[in-house]
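In what follows, a structure is listed as structure tokens, so that the remarks can point back to it.
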Amino acid sequence: MKSYLKTKDYSVTGEVFELVVDEELEMLITQPQPKYLDKYYDSDKYISHTDANDTLVDRIYQVVKKYSIWRKFKIVKKYGTDCRTILDVGAGTGDFLFTAKKCEWEVSGVEPNHDARMRAKEKGVNLCTSLEDLKKNNFSTITLWHVLEHLPNLNHQIKQLVSLLGKEGTMVVAVPNYKSYDAKYYKEYWAAYDVPRHLHHFSKTAIEKLFSNHGMKVVKTKPMVFDSFYVSLLSEKYKTGRQNYVRAIAIGFLSNLKAWVSGEYSSHIYVLKRE
């Protein structure tokens, strides 16, 4: 596999990693992939595990998250079945499932991080530590919101997830897109590479091929237009050492504008059904 670029862990360790190209799948793979990843998540900066609301960037994230949860749930309801059983993989602090539960869905979730599970529990959402701990299968909907890129043994994990999905079920997957303009602009400083927590980096083609190998097809692709702004805010800090809000907003806007023509947004939501 040929090298795409070198980048580093800007959040925790400062270690350098390489992204190599899987040409068959049109995907990037983080190398090396640490055997034990826990230490790379052990940071107050990892906002999806903390509900942090301290800095301006944190507050922007929380505001956008509230809107995103509403939009995500709207997509799930539109493309799902009448059966209301949902599994959220990588559920974080449980906000998405909390919303589903309020709407009288039967909810299940998986989250390996202890602190995140405890925060979810405070909201009345009990999460398992792994897929093996689930007491139910045959879910009508399975969601992975910016989680697939974190999973080791990717094909094994996808196979396991598909086995938990009902015959008429829907899988909804959101991932960053390394072919977006903001990714190309920031290069090694692009925050959505987030190595080594992100083990894989997807294109549209990669998602289609990966899931097709497991009998799933993409029936709808949706843009995540706010991601370009949040990712650009973090990327500016990684690149310059300071928060350049004006430039970050400009790059985020330009990325969405170019994506309106190319279809390559900073992140996409993929709705998948069985073939």
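Identifiers in this document derive from the order of the structure tokens: chains are assigned A, B, ..., residues are numbered from 1 separately in each chain, and ligands are numbered from 1 in order of occurrence.
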
DSSP-assigned helix (DSSP H, G or I) among range 20-183 of chain A, expressed as a PyMOL selection string: chain A and resi 38-41+47-49+56-79+95-102+114-122+131-133+148-150+154-163+181-183

Extract the full set of strand (DSSP E) residues from range 29-154 of chain A according to DSSP on the backbone, and format it as a count of residues only. 20

Could you list, as a PyMOL selection string, every residue within 7 Å of range 246-259 of chain A, counting only C-alpha atoms and ignoring same-chain residues fewer than 5 positions away? chain A and resi 180-182+225+228-229+232-233+236+264-265

Save out the residues we just selected, N, CA and C atoms, as a PDB file, in the first residue's frame.
```pdb
ATOM      1  N   SER A 180     -13.227  15.437   0.887  1.00  0.00           N
ATOM      2  CA  SER A 180     -13.846  16.762   0.972  1.00  0.00           C
ATOM      3  C   SER A 180     -12.805  17.862   0.762  1.00  0.00           C
ATOM      4  N   TYR A 181     -13.283  19.057   0.482  1.00  0.00           N
ATOM      5  CA  TYR A 181     -12.362  20.179   0.278  1.00  0.00           C
ATOM      6  C   TYR A 181     -11.611  20.526   1.553  1.00  0.00           C
ATOM      7  N   ASP A 182     -12.289  20.516   2.701  1.00  0.00           N
ATOM      8  CA  ASP A 182     -11.591  20.879   3.945  1.00  0.00           C
ATOM      9  C   ASP A 182     -10.487  19.866   4.271  1.00  0.00           C
ATOM     10  N   VAL A 225     -23.575  19.155   6.898  1.00  0.00           N
ATOM     11  CA  VAL A 225     -22.995  20.442   6.501  1.00  0.00           C
ATOM     12  C   VAL A 225     -22.289  21.168   7.650  1.00  0.00           C
ATOM     13  N   SER A 228     -18.083  20.513   8.474  1.00  0.00           N
ATOM     14  CA  SER A 228     -16.964  21.239   7.879  1.00  0.00           C
ATOM     15  C   SER A 228     -16.542  22.423   8.742  1.00  0.00           C
ATOM     16  N   PHE A 229     -17.494  23.066   9.411  1.00  0.00           N
ATOM     17  CA  PHE A 229     -17.175  24.220  10.259  1.00  0.00           C
ATOM     18  C   PHE A 229     -16.471  23.772  11.543  1.00  0.00           C
ATOM     19  N   SER A 232     -13.039  22.381  10.747  1.00  0.00           N
ATOM     20  CA  SER A 232     -12.130  23.467  10.363  1.00  0.00           C
ATOM     21  C   SER A 232     -11.661  24.259  11.578  1.00  0.00           C
ATOM     22  N   LEU A 233     -12.533  24.442  12.554  1.00  0.00           N
ATOM     23  CA  LEU A 233     -12.121  25.125  13.794  1.00  0.00           C
ATOM     24  C   LEU A 233     -10.992  24.376  14.485  1.00  0.00           C
ATOM     25  N   GLU A 236      -7.693  24.439  12.238  1.00  0.00           N
ATOM     26  CA  GLU A 236      -6.967  25.712  12.335  1.00  0.00           C
ATOM     27  C   GLU A 236      -6.068  25.738  13.564  1.00  0.00           C
ATOM     28  N   GLU A 264     -18.954  15.990  -2.449  1.00  0.00           N
ATOM     29  CA  GLU A 264     -17.984  15.525  -1.461  1.00  0.00           C
ATOM     30  C   GLU A 264     -17.993  16.440  -0.232  1.00  0.00           C
ATOM     31  N   TYR A 265     -18.917  16.178   0.701  1.00  0.00           N
ATOM     32  CA  TYR A 265     -19.017  16.978   1.921  1.00  0.00           C
ATOM     33  C   TYR A 265     -18.007  16.496   2.960  1.00  0.00           C
TER      34      TYR A 265
END
```

List as a PyMOL selection string the protein and nucleic acid residues near range 196-201 of chain A, meaning an atom at most 9 Å away when only C-alpha atoms are counted, but skip any in the same chain fewer than 5 places from it. chain A and resi 8-9+15+17+19+27-34+37+40-41+147-152+154+175-178+206

Just want the 8 Å neighbourhood of range 222-224 of chain A, counted on only C-alpha atoms, with same-chain residues fewer than 4 positions away dropped. Output as a list in words.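 Close residues of range 222-224 of chain A: Ser228, Tyr265, Ser266, Ser267, His268, Ile269 and Tyr270 of chain A.
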